[in-house]
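Visitor: The structure is given below, and queries will be raised subsequently.
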Amino acid sequence: MNLSSDQQILWQHGLVNLNGTVITTWVLMIAMSLGAKLITRGLTTGGSMSRWQAILEIVVISLQKEIKEVGLKQAREYLPFLGTIFLFLSIANLLTVIPGYKPPTGSLSTTAALALCVFIAVPIFGIREQGLWGYLKTYTTPTLLMLPFNIISEFSRTLALAVRLFGNMMSGVMIIGILLTVTPFVFPIIMTALGLLTGMVQAYIFTILAAVYIAAATRIPSPSGEKALLHG
Amino acid sequence: MDSMTLIALASIVTAGVTIAIGCIGPALGEGRAVALALSSLAQQPDSSVTITRTLFVGLAMIESLALYCFVVSMVLIFANPFYNHLLAQAGGK
């Protein structure tokens with residue numbers, strides 16, 4: 001049984017090969033950028049806006065609200081990064097309704113790449129906001145004794161981000177695959193519906209966790225608050 | 001039994017035990033979290049947005065523990081490095 005679309009090799013030339021994951025990701029990227037380009041071509045501020053513009057405005061505004069509620073006051077600065085992650089993940093996970101589509105998030109390479117993006121983005125945002133010294137000081141809070149644990153948690157939460165998304169999506173694909181061989185008629189549909197919910201929740205959680213990590217790196221940490229959420 | 005059968009047997013049994021034991025803790029934890037969240041939702045319906053968001057994030061955190069076990073058992077069954085090593089050796093002969 002194929003664990004993911006990594007094993008479907010569609011094109012090969014020497015050492016370079018393109019597997020199903022890469023191709024699906026590229027198609028998604030092209031579709032998303034072309035769609036965004038098409039929709040934002042005729043933006044209006046008047047009363048008669050197109051339906052697509054209304055949808056995009058709802059998405060952008062609610063994302064901005066969510067980011068603000070996590071604790072990032074200037075939500076617009078972080079919207080490009082977090083919004084891209086959320087839109088990519090949710091579209092990649094929701095397209096599982098199409099038969100034969102294998103979500104690229106069901107492959108550890110995709111989720112590890114996204115988690116590495118968060119891993120790199122957190123110090124960048126932190127240093128931009130507090131300066132190098134101020135950011136490094138957050139590692140020694142509350143005391144200097146916590147320094148190794150803070151560094152370990154930096155790595156372990158990246159691993160957790162990657163494995164959580166991968167495990168959820170891969171288990172969804174695998175359960176449907178197993179059910180198809182056991183009870184091929186009704187139950188796979190129910191599990192697909194459940195998989196849509198899980199995919200959406202995972203996309204939301206990935207984004208919120210990234211926002212929480214960035215929020216923790218960009219402000220002077222208070223003694224109470226979201227500290228409990230930081231150690232995944 | 002040759003070593004291949006032994007490894008296959010050990011992998012399958014361990015995969016079952018891994019997912020069985022590994023689900024107990026997260027299941028208890030998730031049940032507690034949801035129960036507490038429900039009672040606090042009943043007490044303070046006004047802050048339902050914050051409670052729900054924290055609940056979802058917390059549930060994902062707890063669930064990832066079970067998922068680690070799931071990934072380990074999947075690796076044991078479908079991508080077992082020891083079994084594959086023996087398989088490659090047997091093929092090379």
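By order in the structure tokens, chains are A, B, ...; within a chain, residues start at 1; ligands start at 1, following the order shown.
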When you look at range 110-127 of chain A with a cut-off of 8 Å (counting only C-alpha atoms), what residues show up, excluding the ones that are within fewer than 2 positions of it in the same chain? I need them as a count of residues only.

Guide: 27

Visitor: Applying 12 Å and only C-alpha atoms, which residues near Pro80 in chain A remain after dropping the ones on its own chain fewer than 4 positions away? List them as a ChimeraX atom specification.

Guide: /A:60,63-64,67,75-76,84-88,121,207,211

Visitor: For the selection just defined, write its residues with C-alpha atoms to a file, as a PDB file, in the first residue's frame.

Guide:
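Generated output (part-v5.pdb):
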ATOM      1  CA  VAL A  60      -9.050  37.902   4.490  1.00  0.00           C
ATOM      2  CA  LEU A  63      -8.165  35.595   9.036  1.00  0.00           C
ATOM      3  CA  GLN A  64      -7.052  39.033  10.150  1.00  0.00           C
ATOM      4  CA  ILE A  67      -4.606  36.567  13.985  1.00  0.00           C
ATOM      5  CA  ALA A  75      -2.238  41.520  11.936  1.00  0.00           C
ATOM      6  CA  ARG A  76      -1.633  42.900   8.447  1.00  0.00           C
ATOM      7  CA  THR A  84      -0.795  31.702   2.635  1.00  0.00           C
ATOM      8  CA  ILE A  85      -0.278  28.727   4.913  1.00  0.00           C
ATOM      9  CA  PHE A  86      -3.949  28.608   5.842  1.00  0.00           C
ATOM     10  CA  LEU A  87      -5.251  28.946   2.294  1.00  0.00           C
ATOM     11  CA  PHE A  88      -2.833  26.384   0.893  1.00  0.00           C
ATOM     12  CA  ALA A 121       9.802  32.691  10.172  1.00  0.00           C
ATOM     13  CA  THR A 207      -2.129  28.485  11.273  1.00  0.00           C
ATOM     14  CA  ALA A 211       0.543  32.606  14.947  1.00  0.00           C
TER      15      ALA A 211
END

Visitor: From the options A:Arg157, A:Lys102, A:Leu89, A:Glu69, which residue's atoms come nearest to Gln7 in chain A, counting only C-alpha atoms?

Guide: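 Closest residue, counting only C-alpha atoms: A:Lys102.
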
Visitor: In Å, how far is it from CA of Ile176 in chain A to CA of Trp26 in chain A?

Guide: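 According to the coordinates, CA of Ile176 in chain A and CA of Trp26 in chain A are separated by 24.7 Å.
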
Visitor: At a cut-off of 8 Å, list the chain B residues touching chain A, using only C-alpha atoms, as a PyMOL selection string.

Guide: chain B and resi 56-58+60-61+64+67-68+70-71+78

Visitor: Would you return as a PyMOL selection string the members of range 26-231 of chain A that DSSP assigns to helix (DSSP H, G or I) on this structure's backbone?

Guide: chain A and resi 26-42+51-70+75-97+104-106+108-140+144-182+187-218+226-230

Visitor: I'd like the neighbourhood of Cys69 in chain B as a list in words, where a residue qualifies if any of its atoms comes within 10 Å (using only C-alpha atoms), though same-chain residues fewer than 2 positions away should be ignored.

Guide: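 Everything that qualifies: Gly167 of chain A; Ala15, Gly16, Val17, Thr18, Ile19, Ala20, Ile21, Gly22, Cys23, Ser64, Leu65, Ala66, Leu67, Val71, Val72, Ser73, Met74 and Val75 of chain B.
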